[in-house]
$ cat my_file-v6.pdb   # PDB, C-alpha atoms
ATOM      1  CA  MET A 220      86.202 138.462 123.706  1.00  0.00           C
ATOM      2  CA  THR A 221      83.037 137.013 122.244  1.00  0.00           C
ATOM      3  CA  LEU A 222      82.308 136.748 118.572  1.00  0.00           C
ATOM      4  CA  SER A 223      79.240 138.319 117.079  1.00  0.00           C
ATOM      5  CA  PHE A 224      76.482 136.231 115.582  1.00  0.00           C
ATOM      6  CA  ARG A 225      77.528 137.451 112.130  1.00  0.00           C
ATOM      7  CA  SER A 226      81.122 136.232 112.674  1.00  0.00           C
ATOM      8  CA  LYS A 227      79.951 132.859 113.973  1.00  0.00           C
ATOM      9  CA  LEU A 228      77.626 132.364 110.997  1.00  0.00           C
ATOM     10  CA  LEU A 229      80.352 133.325 108.543  1.00  0.00           C
ATOM     11  CA  ALA A 230      82.851 131.020 110.225  1.00  0.00           C
ATOM     12  CA  SER A 231      80.358 128.141 110.134  1.00  0.00           C
ATOM     13  CA  HIS A 232      79.802 128.641 106.385  1.00  0.00           C
ATOM     14  CA  VAL A 233      83.533 128.690 105.699  1.00  0.00           C
ATOM     15  CA  ALA A 234      84.148 125.644 107.924  1.00  0.00           C
ATOM     16  CA  LEU A 235      81.341 123.713 106.220  1.00  0.00           C
ATOM     17  CA  VAL A 236      82.762 124.442 102.782  1.00  0.00           C
ATOM     18  CA  LEU A 237      86.278 123.494 103.924  1.00  0.00           C
ATOM     19  CA  VAL A 238      85.125 120.171 105.371  1.00  0.00           C
ATOM     20  CA  ALA A 239      82.913 119.313 102.381  1.00  0.00           C
ATOM     21  CA  GLY A 240      85.647 120.361  99.942  1.00  0.00           C
ATOM     22  CA  GLY A 241      88.272 118.315 101.783  1.00  0.00           C
ATOM     23  CA  ILE A 242      86.098 115.212 101.830  1.00  0.00           C
ATOM     24  CA  ALA A 243      85.245 115.601  98.144  1.00  0.00           C
ATOM     25  CA  PHE A 244      88.888 116.234  97.245  1.00  0.00           C
ATOM     26  CA  PHE A 245      90.280 113.143  98.965  1.00  0.00           C
ATOM     27  CA  THR A 246      87.398 110.888  97.917  1.00  0.00           C
ATOM     28  CA  LEU A 247      87.607 111.893  94.256  1.00  0.00           C
ATOM     29  CA  ASP A 248      91.408 111.784  94.255  1.00  0.00           C
ATOM     30  CA  ARG A 249      91.525 108.231  95.567  1.00  0.00           C
ATOM     31  CA  ALA A 250      88.620 107.031  93.437  1.00  0.00           C
ATOM     32  CA  LEU A 251      90.051 108.466  90.212  1.00  0.00           C
ATOM     33  CA  THR A 252      93.515 107.047  90.908  1.00  0.00           C
ATOM     34  CA  ALA A 253      92.071 103.611  91.730  1.00  0.00           C
ATOM     35  CA  ASP A 254      89.801 103.617  88.654  1.00  0.00           C
ATOM     36  CA  LEU A 255      92.591 104.611  86.280  1.00  0.00           C
ATOM     37  CA  LEU A 256      94.947 102.014  87.741  1.00  0.00           C
ATOM     38  CA  HIS A 257      92.232  99.350  87.475  1.00  0.00           C
ATOM     39  CA  GLN A 258      91.670 100.235  83.808  1.00  0.00           C
ATOM     40  CA  LEU A 259      95.421 100.002  83.172  1.00  0.00           C
ATOM     41  CA  ASP A 260      95.495  96.611  84.935  1.00  0.00           C
ATOM     42  CA  GLN A 261      92.655  95.290  82.801  1.00  0.00           C
ATOM     43  CA  ARG A 262      94.167  96.560  79.565  1.00  0.00           C
ATOM     44  CA  LEU A 263      97.643  95.179  80.289  1.00  0.00           C
ATOM     45  CA  GLU A 264      96.182  91.854  81.430  1.00  0.00           C
ATOM     46  CA  GLU A 265      94.099  91.486  78.270  1.00  0.00           C
ATOM     47  CA  GLN A 266      97.044  92.448  76.077  1.00  0.00           C
ATOM     48  CA  GLY A 267      99.336  90.067  77.949  1.00  0.00           C
ATOM     49  CA  LYS A 268      96.926  87.153  77.626  1.00  0.00           C
ATOM     50  CA  GLY A 269      96.506  87.907  73.939  1.00  0.00           C
ATOM     51  CA  ALA A 270     100.248  88.126  73.300  1.00  0.00           C
ATOM     52  CA  ILE A 271     101.540  85.219  75.415  1.00  0.00           C
ATOM     53  CA  GLU A 272     100.630  82.563  72.832  1.00  0.00           C
ATOM     54  CA  TRP A 273     102.337  84.562  70.136  1.00  0.00           C
ATOM     55  CA  ALA A 274     105.390  85.008  72.353  1.00  0.00           C
ATOM     56  CA  GLU A 275     105.578  81.298  73.168  1.00  0.00           C
ATOM     57  CA  GLY A 276     105.560  80.560  69.460  1.00  0.00           C
ATOM     58  CA  GLY A 277     108.416  82.993  68.879  1.00  0.00           C
ATOM     59  CA  LYS A 278     110.934  81.595  71.356  1.00  0.00           C
ATOM     60  CA  ARG A 279     113.504  81.189  68.592  1.00  0.00           C
ATOM     61  CA  HIS A 280     113.817  84.980  68.367  1.00  0.00           C
ATOM     62  CA  PRO A 281     112.628  86.229  71.782  1.00  0.00           C
ATOM     63  CA  ASP A 282     114.141  89.719  71.609  1.00  0.00           C
ATOM     64  CA  ARG A 283     112.562  90.338  68.238  1.00  0.00           C
ATOM     65  CA  ILE A 284     109.138  89.065  69.337  1.00  0.00           C
ATOM     66  CA  THR A 285     109.179  91.090  72.580  1.00  0.00           C
ATOM     67  CA  THR A 286     110.102  94.232  70.634  1.00  0.00           C
ATOM     68  CA  ARG A 287     107.228  93.622  68.197  1.00  0.00           C
ATOM     69  CA  ILE A 288     104.761  93.087  71.032  1.00  0.00           C
ATOM     70  CA  ALA A 289     106.061  96.211  72.800  1.00  0.00           C
ATOM     71  CA  ASN A 290     105.440  98.286  69.674  1.00  0.00           C
ATOM     72  CA  ILE A 291     101.913  96.926  69.308  1.00  0.00           C
ATOM     73  CA  VAL A 292     100.785  97.311  72.934  1.00  0.00           C
ATOM     74  CA  ASP A 293     102.862 100.418  73.726  1.00  0.00           C
ATOM     75  CA  ALA A 294     104.417  98.878  76.820  1.00  0.00           C
ATOM     76  CA  GLU A 295     107.756  97.425  77.858  1.00  0.00           C
ATOM     77  CA  VAL A 296     107.701  93.638  77.375  1.00  0.00           C
ATOM     78  CA  THR A 297     109.774  90.924  79.026  1.00  0.00           C
ATOM     79  CA  LEU A 298     109.499  87.207  78.303  1.00  0.00           C
ATOM     80  CA  PHE A 299     110.568  84.771  81.036  1.00  0.00           C
ATOM     81  CA  GLU A 300     111.240  81.032  80.911  1.00  0.00           C
ATOM     82  CA  LYS A 301     109.580  78.696  83.461  1.00  0.00           C
ATOM     83  CA  ASP A 302     112.581  78.984  85.793  1.00  0.00           C
ATOM     84  CA  GLY A 303     112.429  82.797  85.809  1.00  0.00           C
ATOM     85  CA  SER A 304     115.348  83.416  83.464  1.00  0.00           C
ATOM     86  CA  VAL A 305     114.857  86.142  80.870  1.00  0.00           C
ATOM     87  CA  LEU A 306     114.306  84.844  77.343  1.00  0.00           C
ATOM     88  CA  GLY A 307     113.835  88.216  75.701  1.00  0.00           C
ATOM     89  CA  ALA A 308     113.103  91.823  76.499  1.00  0.00           C
ATOM     90  CA  SER A 309     112.094  94.899  74.570  1.00  0.00           C
ATOM     91  CA  GLY A 310     114.703  96.974  76.415  1.00  0.00           C
ATOM     92  CA  PRO A 311     117.935  96.430  78.351  1.00  0.00           C
ATOM     93  CA  GLU A 312     116.569  97.714  81.693  1.00  0.00           C
ATOM     94  CA  ALA A 313     113.757  95.160  81.594  1.00  0.00           C
ATOM     95  CA  ARG A 314     116.218  92.249  81.667  1.00  0.00           C
ATOM     96  CA  ALA A 315     117.524  93.116  85.133  1.00  0.00           C
ATOM     97  CA  ASP A 316     114.199  94.205  86.627  1.00  0.00           C
ATOM     98  CA  ILE A 317     112.610  91.181  88.287  1.00  0.00           C
ATOM     99  CA  GLY A 318     109.892  91.680  90.877  1.00  0.00           C
ATOM    100  CA  PRO A 319     107.072  89.926  92.742  1.00  0.00           C
ATOM    101  CA  GLU A 320     104.763  89.959  89.714  1.00  0.00           C
ATOM    102  CA  LEU A 321     106.891  87.205  88.145  1.00  0.00           C
ATOM    103  CA  ALA A 322     106.437  84.845  91.111  1.00  0.00           C
ATOM    104  CA  ALA A 323     102.680  85.469  91.143  1.00  0.00           C
ATOM    105  CA  ALA A 324     102.420  84.672  87.421  1.00  0.00           C
ATOM    106  CA  GLN A 325     104.511  81.520  87.878  1.00  0.00           C
ATOM    107  CA  ALA A 326     102.019  80.466  90.581  1.00  0.00           C
ATOM    108  CA  GLY A 327      99.188  80.708  88.030  1.00  0.00           C
ATOM    109  CA  LYS A 328      97.857  84.116  89.021  1.00  0.00           C
ATOM    110  CA  VAL A 329      98.040  87.434  87.242  1.00  0.00           C
ATOM    111  CA  GLY A 330     101.030  89.177  88.800  1.00  0.00           C
ATOM    112  CA  LYS A 331     100.724  92.910  89.435  1.00  0.00           C
ATOM    113  CA  ALA A 332     103.161  95.353  90.990  1.00  0.00           C
ATOM    114  CA  THR A 333     104.081  99.022  90.980  1.00  0.00           C
ATOM    115  CA  ARG A 334     107.598 100.238  91.681  1.00  0.00           C
ATOM    116  CA  TRP A 335     110.163 102.873  90.755  1.00  0.00           C
ATOM    117  CA  ARG A 336     112.929 102.254  88.237  1.00  0.00           C
ATOM    118  CA  SER A 337     115.345 104.847  86.881  1.00  0.00           C
ATOM    119  CA  GLY A 338     113.297 107.697  88.311  1.00  0.00           C
ATOM    120  CA  ARG A 339     110.014 106.527  86.789  1.00  0.00           C
ATOM    121  CA  GLU A 340     107.061 104.845  88.469  1.00  0.00           C
ATOM    122  CA  LEU A 341     106.134 101.740  86.488  1.00  0.00           C
ATOM    123  CA  HIS A 342     103.158  99.413  86.747  1.00  0.00           C
ATOM    124  CA  TYR A 343     103.776  95.751  85.910  1.00  0.00           C
ATOM    125  CA  VAL A 344     101.358  93.002  84.889  1.00  0.00           C
ATOM    126  CA  ALA A 345     102.609  89.451  84.284  1.00  0.00           C
ATOM    127  CA  VAL A 346     100.662  86.511  82.829  1.00  0.00           C
ATOM    128  CA  ALA A 347     101.665  82.889  82.362  1.00  0.00           C
ATOM    129  CA  GLY A 348     101.231  80.939  79.151  1.00  0.00           C
ATOM    130  CA  SER A 349     100.266  77.316  78.628  1.00  0.00           C
ATOM    131  CA  GLU A 350     103.942  76.260  78.459  1.00  0.00           C
ATOM    132  CA  GLY A 351     104.813  78.003  81.735  1.00  0.00           C
ATOM    133  CA  THR A 352     106.418  80.956  80.001  1.00  0.00           C
ATOM    134  CA  VAL A 353     105.619  84.329  81.590  1.00  0.00           C
ATOM    135  CA  LEU A 354     105.020  87.529  79.652  1.00  0.00           C
ATOM    136  CA  ARG A 355     105.327  90.748  81.615  1.00  0.00           C
ATOM    137  CA  LEU A 356     104.138  94.140  80.449  1.00  0.00           C
ATOM    138  CA  ALA A 357     105.263  97.365  82.112  1.00  0.00           C
ATOM    139  CA  GLN A 358     103.960 100.860  81.567  1.00  0.00           C
ATOM    140  CA  PRO A 359     104.893 104.151  83.239  1.00  0.00           C
ATOM    141  CA  LEU A 360     102.258 105.709  85.483  1.00  0.00           C
ATOM    142  CA  SER A 361     103.132 109.232  84.324  1.00  0.00           C
ATOM    143  CA  GLU A 362      99.939 109.524  82.250  1.00  0.00           C
ATOM    144  CA  ILE A 363      97.743 108.525  85.192  1.00  0.00           C
ATOM    145  CA  ASN A 364      99.669 110.841  87.519  1.00  0.00           C
ATOM    146  CA  GLU A 365      99.226 113.740  85.056  1.00  0.00           C
ATOM    147  CA  THR A 366      95.469 113.111  84.835  1.00  0.00           C
ATOM    148  CA  VAL A 367      95.126 112.980  88.617  1.00  0.00           C
ATOM    149  CA  GLY A 368      97.266 116.115  88.952  1.00  0.00           C
ATOM    150  CA  ALA A 369      95.056 118.015  86.505  1.00  0.00           C
ATOM    151  CA  MET A 370      91.966 116.871  88.413  1.00  0.00           C
ATOM    152  CA  ARG A 371      93.523 118.073  91.686  1.00  0.00           C
ATOM    153  CA  LYS A 372      94.084 121.528  90.208  1.00  0.00           C
ATOM    154  CA  ARG A 373      90.449 121.687  89.091  1.00  0.00           C
ATOM    155  CA  LEU A 374      89.248 120.611  92.523  1.00  0.00           C
ATOM    156  CA  VAL A 375      91.383 123.236  94.263  1.00  0.00           C
ATOM    157  CA  LEU A 376      89.982 125.895  91.929  1.00  0.00           C
ATOM    158  CA  ALA A 377      86.407 124.714  92.518  1.00  0.00           C
ATOM    159  CA  SER A 378      86.979 124.595  96.286  1.00  0.00           C
ATOM    160  CA  THR A 379      88.401 128.106  96.254  1.00  0.00           C
ATOM    161  CA  LEU A 380      85.403 129.406  94.311  1.00  0.00           C
ATOM    162  CA  ALA A 381      83.030 127.583  96.667  1.00  0.00           C
ATOM    163  CA  MET A 382      84.823 129.124  99.641  1.00  0.00           C
ATOM    164  CA  LEU A 383      84.455 132.618  98.187  1.00  0.00           C
ATOM    165  CA  VAL A 384      80.744 132.020  97.506  1.00  0.00           C
ATOM    166  CA  ALA A 385      80.290 130.694 101.054  1.00  0.00           C
ATOM    167  CA  ILE A 386      81.969 133.788 102.503  1.00  0.00           C
ATOM    168  CA  VAL A 387      79.784 136.112 100.424  1.00  0.00           C
ATOM    169  CA  LEU A 388      76.586 134.170 101.204  1.00  0.00           C
ATOM    170  CA  GLY A 389      77.491 133.908 104.884  1.00  0.00           C
ATOM    171  CA  PHE A 390      78.161 137.639 105.020  1.00  0.00           C
ATOM    172  CA  LEU A 391      74.864 138.418 103.261  1.00  0.00           C
ATOM    173  CA  ALA A 392      72.856 135.957 105.368  1.00  0.00           C
ATOM    174  CA  SER A 393      74.217 137.326 108.615  1.00  0.00           C
TER     175      SER A 393
END
$ encode --input "my_file-v6.pdb" --output "C-alpha cells"
Amino acid sequence: MTLSFRSKLLASHVALVLVAGGIAFFTLDRALTADLLHQLDQRLEEQGKGAIEWAEGGKRHPDRITTRIANIVDAEVTLFEKDGSVLGASGPEARADIGPELAAAQAGKVGKATRWRSGRELHYVAVAGSEGTVLRLAQPLSEINETVGAMRKRLVLASTLAMLVAIVLGFLAS
C-alpha cells in the first residue's frame, strides 16, 4: 500500500514539528536547569564567603552563630573545624551529613555537591576561611525543580499547539 502525496506531506509536517519540539524541549530543559543551578552556586558561594569571617569570630558559640547565619541566608549552615569535625550546625541533620564538598573546601577550593538526604535533594557549597575553618551552606533544590517542571508543562503545551497547527497547515497545503 502506497501513501498519497497528501499523507506524505502531512506526515512530514508532523515529523518536523516533533523533531524540532523535541530538540527545543531537551535543550531548554538542560539549559534552564544548568543556569538555575549556576545561579544558586554563585549565591551560596558569595554568602558563604561573606559569612565565614563572621563564623570564625563566633567560635565560642558555634551553634548560635550558624543558626543566625542560616536565618540570614535562608540555607542550612554547618561550621567545620580544620580537621573536619563539626563545630556548629543550624540543624541536627547537618551534623551527620558530611560529603565531598568538605574535602574540596579543605583543599582550598569551593566545594560543591548535590545529594539526597531525608527524601530531599540538597545542593551544598562549602568555603574555607583564613583560619582553615569551613562553612558549608545547603539549600533544597525543590524551588529549581518546581521552576523547571513548570517550564516543561509550558513546553509540552506549546509543542502540542505547534503539532496541531502543523497538522492543519499540512492538510491545507496538501
$ resolve_selection --input "my_file-v6.pdb" --expression "the PyMOL selection byres ((chain A and resi 326) around 12)" --output "MDAnalysis selection string"
chainID A and resid 301:303 319:325 327:330 345:348 351:353
$ closest_residue --input "my_file-v6.pdb" --among "A:Leu263, A:Leu388, A:Leu247, A:Ala313" --to "A:Asp282" --atoms "only C-alpha atoms"
A:Ala313
$ resolve_selection --input "my_file-v6.pdb" --expression "the PyMOL selection byres ((chain A and resi 283-289) around 10)" --output "PyMOL selection string"
chain A and resi 266-267+270-271+273-282+290-298+306-310+354-357
$ atom_distance --input "my_file-v6.pdb" --atom1 "atom CA of A:Pro359" --atom2 "atom CA of A:Ser337"
11.1 Å
$ atom_distance --input "my_file-v6.pdb" --atom1 "atom CA of A:Asp260" --atom2 "atom CA of A:Val375"
28.5 Å
$ atom_distance --input "my_file-v6.pdb" --atom1 "atom CA of A:Leu229" --atom2 "atom CA of A:Ala381"
13.5 Å
$ residues_around --input "my_file-v6.pdb" --residues "A:Gly338" --least-positions-apart "4" --cutoff "12 Å" --atoms "all atoms listed in the file" --output "PDB file with C-alpha atoms, in the frame of the given file"
ATOM      1  CA  ARG A 334     107.598 100.238  91.681  1.00  0.00           C
ATOM      2  CA  PRO A 359     104.893 104.151  83.239  1.00  0.00           C
ATOM      3  CA  LEU A 360     102.258 105.709  85.483  1.00  0.00           C
ATOM      4  CA  SER A 361     103.132 109.232  84.324  1.00  0.00           C
TER       5      SER A 361
END
$ closest_residue --input "my_file-v6.pdb" --among "A:Leu222, A:Ala234, A:Val344, A:Val305" --to "A:Gln261" --atoms "all atoms listed in the file"
A:Val344
$ residues_near_point --input "my_file-v6.pdb" --point "(96.5, 97.0, 91.4)" --cutoff "7 Å" --atoms "all atoms listed in the file" --output "VMD selection string"
chain A and resid 256 to 257 260 331 to 332
$ residues_around --input "my_file-v6.pdb" --residues "A:Leu383" --least-positions-apart "6" --cutoff "10 Å" --atoms "all atoms listed in the file" --output "list in words"
Val233, Val236, Ala377 and Gly389 of chain A
$ closest_residue --input "my_file-v6.pdb" --among "A:Thr221, A:Ser226, A:Ser231, A:Thr333" --to "A:Met382" --atoms "all atoms listed in the file"
A:Ser231
$ resolve_selection --input "my_file-v6.pdb" --expression "the PyMOL selection byres ((chain A and resi 364) around 12)" --output "PyMOL selection string"
chain A and resi 248-249+251-253+255-256+339-342+359-363+365-371
$ write_last_selection --input "my_file-v6.pdb" --atoms "C-alpha atoms" --output "PDB file, in the frame of the given file"
ATOM      1  CA  ASP A 248      91.408 111.784  94.255  1.00  0.00           C
ATOM      2  CA  ARG A 249      91.525 108.231  95.567  1.00  0.00           C
ATOM      3  CA  LEU A 251      90.051 108.466  90.212  1.00  0.00           C
ATOM      4  CA  THR A 252      93.515 107.047  90.908  1.00  0.00           C
ATOM      5  CA  ALA A 253      92.071 103.611  91.730  1.00  0.00           C
ATOM      6  CA  LEU A 255      92.591 104.611  86.280  1.00  0.00           C
ATOM      7  CA  LEU A 256      94.947 102.014  87.741  1.00  0.00           C
ATOM      8  CA  ARG A 339     110.014 106.527  86.789  1.00  0.00           C
ATOM      9  CA  GLU A 340     107.061 104.845  88.469  1.00  0.00           C
ATOM     10  CA  LEU A 341     106.134 101.740  86.488  1.00  0.00           C
ATOM     11  CA  HIS A 342     103.158  99.413  86.747  1.00  0.00           C
ATOM     12  CA  PRO A 359     104.893 104.151  83.239  1.00  0.00           C
ATOM     13  CA  LEU A 360     102.258 105.709  85.483  1.00  0.00           C
ATOM     14  CA  SER A 361     103.132 109.232  84.324  1.00  0.00           C
ATOM     15  CA  GLU A 362      99.939 109.524  82.250  1.00  0.00           C
ATOM     16  CA  ILE A 363      97.743 108.525  85.192  1.00  0.00           C
ATOM     17  CA  GLU A 365      99.226 113.740  85.056  1.00  0.00           C
ATOM     18  CA  THR A 366      95.469 113.111  84.835  1.00  0.00           C
ATOM     19  CA  VAL A 367      95.126 112.980  88.617  1.00  0.00           C
ATOM     20  CA  GLY A 368      97.266 116.115  88.952  1.00  0.00           C
ATOM     21  CA  ALA A 369      95.056 118.015  86.505  1.00  0.00           C
ATOM     22  CA  MET A 370      91.966 116.871  88.413  1.00  0.00           C
ATOM     23  CA  ARG A 371      93.523 118.073  91.686  1.00  0.00           C
TER      24      ARG A 371
END
$ closest_residue --input "my_file-v6.pdb" --among "A:Phe224, A:Ala243, A:Asp316, A:His232" --to "A:Val384" --atoms "only C-alpha atoms"
A:His232
$ build_atoms --input "my_file-v6.pdb" --residues "stretch 361-384 of chain A" --atoms "N, CA and C atoms" --output "PDB file, in the coordinates of the input"
ATOM      1  N   SER A 361     103.088 107.778  84.507  1.00  0.00           N
ATOM      2  CA  SER A 361     103.132 109.232  84.324  1.00  0.00           C
ATOM      3  C   SER A 361     101.829 109.776  83.747  1.00  0.00           C
ATOM      4  N   GLU A 362     101.199 109.057  82.843  1.00  0.00           N
ATOM      5  CA  GLU A 362      99.939 109.524  82.250  1.00  0.00           C
ATOM      6  C   GLU A 362      98.829 109.580  83.303  1.00  0.00           C
ATOM      7  N   ILE A 363      98.746 108.549  84.123  1.00  0.00           N
ATOM      8  CA  ILE A 363      97.743 108.525  85.192  1.00  0.00           C
ATOM      9  C   ILE A 363      98.033 109.637  86.194  1.00  0.00           C
ATOM     10  N   ASN A 364      99.298 109.796  86.556  1.00  0.00           N
ATOM     11  CA  ASN A 364      99.669 110.841  87.519  1.00  0.00           C
ATOM     12  C   ASN A 364      99.364 112.237  86.973  1.00  0.00           C
ATOM     13  N   GLU A 365      99.553 112.448  85.671  1.00  0.00           N
ATOM     14  CA  GLU A 365      99.226 113.740  85.056  1.00  0.00           C
ATOM     15  C   GLU A 365      97.721 113.993  85.091  1.00  0.00           C
ATOM     16  N   THR A 366      96.929 112.974  84.807  1.00  0.00           N
ATOM     17  CA  THR A 366      95.469 113.111  84.835  1.00  0.00           C
ATOM     18  C   THR A 366      94.988 113.440  86.240  1.00  0.00           C
ATOM     19  N   VAL A 367      95.512 112.732  87.224  1.00  0.00           N
ATOM     20  CA  VAL A 367      95.126 112.980  88.617  1.00  0.00           C
ATOM     21  C   VAL A 367      95.580 114.376  89.048  1.00  0.00           C
ATOM     22  N   GLY A 368      96.768 114.785  88.625  1.00  0.00           N
ATOM     23  CA  GLY A 368      97.266 116.115  88.952  1.00  0.00           C
ATOM     24  C   GLY A 368      96.390 117.220  88.373  1.00  0.00           C
ATOM     25  N   ALA A 369      95.950 117.034  87.128  1.00  0.00           N
ATOM     26  CA  ALA A 369      95.056 118.015  86.505  1.00  0.00           C
ATOM     27  C   ALA A 369      93.719 118.067  87.238  1.00  0.00           C
ATOM     28  N   MET A 370      93.218 116.911  87.664  1.00  0.00           N
ATOM     29  CA  MET A 370      91.966 116.871  88.413  1.00  0.00           C
ATOM     30  C   MET A 370      92.122 117.570  89.761  1.00  0.00           C
ATOM     31  N   ARG A 371      93.272 117.409  90.402  1.00  0.00           N
ATOM     32  CA  ARG A 371      93.523 118.073  91.686  1.00  0.00           C
ATOM     33  C   ARG A 371      93.479 119.593  91.524  1.00  0.00           C
ATOM     34  N   LYS A 372      94.087 120.081  90.457  1.00  0.00           N
ATOM     35  CA  LYS A 372      94.084 121.528  90.208  1.00  0.00           C
ATOM     36  C   LYS A 372      92.656 122.036  90.030  1.00  0.00           C
ATOM     37  N   ARG A 373      91.844 121.283  89.297  1.00  0.00           N
ATOM     38  CA  ARG A 373      90.449 121.687  89.091  1.00  0.00           C
ATOM     39  C   ARG A 373      89.677 121.681  90.404  1.00  0.00           C
ATOM     40  N   LEU A 374      89.932 120.683  91.234  1.00  0.00           N
ATOM     41  CA  LEU A 374      89.248 120.611  92.523  1.00  0.00           C
ATOM     42  C   LEU A 374      89.660 121.757  93.447  1.00  0.00           C
ATOM     43  N   VAL A 375      90.921 122.117  93.437  1.00  0.00           N
ATOM     44  CA  VAL A 375      91.383 123.236  94.263  1.00  0.00           C
ATOM     45  C   VAL A 375      90.727 124.527  93.782  1.00  0.00           C
ATOM     46  N   LEU A 376      90.642 124.717  92.478  1.00  0.00           N
ATOM     47  CA  LEU A 376      89.982 125.895  91.929  1.00  0.00           C
ATOM     48  C   LEU A 376      88.503 125.919  92.326  1.00  0.00           C
ATOM     49  N   ALA A 377      87.827 124.787  92.160  1.00  0.00           N
ATOM     50  CA  ALA A 377      86.407 124.714  92.518  1.00  0.00           C
ATOM     51  C   ALA A 377      86.202 124.947  94.010  1.00  0.00           C
ATOM     52  N   SER A 378      87.087 124.399  94.835  1.00  0.00           N
ATOM     53  CA  SER A 378      86.979 124.595  96.286  1.00  0.00           C
ATOM     54  C   SER A 378      87.204 126.055  96.664  1.00  0.00           C
ATOM     55  N   THR A 379      88.142 126.691  95.991  1.00  0.00           N
ATOM     56  CA  THR A 379      88.401 128.106  96.254  1.00  0.00           C
ATOM     57  C   THR A 379      87.191 128.954  95.882  1.00  0.00           C
ATOM     58  N   LEU A 380      86.606 128.672  94.729  1.00  0.00           N
ATOM     59  CA  LEU A 380      85.403 129.406  94.311  1.00  0.00           C
ATOM     60  C   LEU A 380      84.246 129.156  95.283  1.00  0.00           C
ATOM     61  N   ALA A 381      84.089 127.910  95.715  1.00  0.00           N
ATOM     62  CA  ALA A 381      83.030 127.583  96.667  1.00  0.00           C
ATOM     63  C   ALA A 381      83.251 128.303  97.993  1.00  0.00           C
ATOM     64  N   MET A 382      84.505 128.411  98.398  1.00  0.00           N
ATOM     65  CA  MET A 382      84.823 129.124  99.641  1.00  0.00           C
ATOM     66  C   MET A 382      84.448 130.599  99.514  1.00  0.00           C
ATOM     67  N   LEU A 383      84.797 131.207  98.389  1.00  0.00           N
ATOM     68  CA  LEU A 383      84.455 132.618  98.187  1.00  0.00           C
ATOM     69  C   LEU A 383      82.938 132.825  98.190  1.00  0.00           C
ATOM     70  N   VAL A 384      82.207 131.927  97.520  1.00  0.00           N
ATOM     71  CA  VAL A 384      80.744 132.020  97.506  1.00  0.00           C
ATOM     72  C   VAL A 384      80.198 131.841  98.915  1.00  0.00           C
TER      73      VAL A 384
END
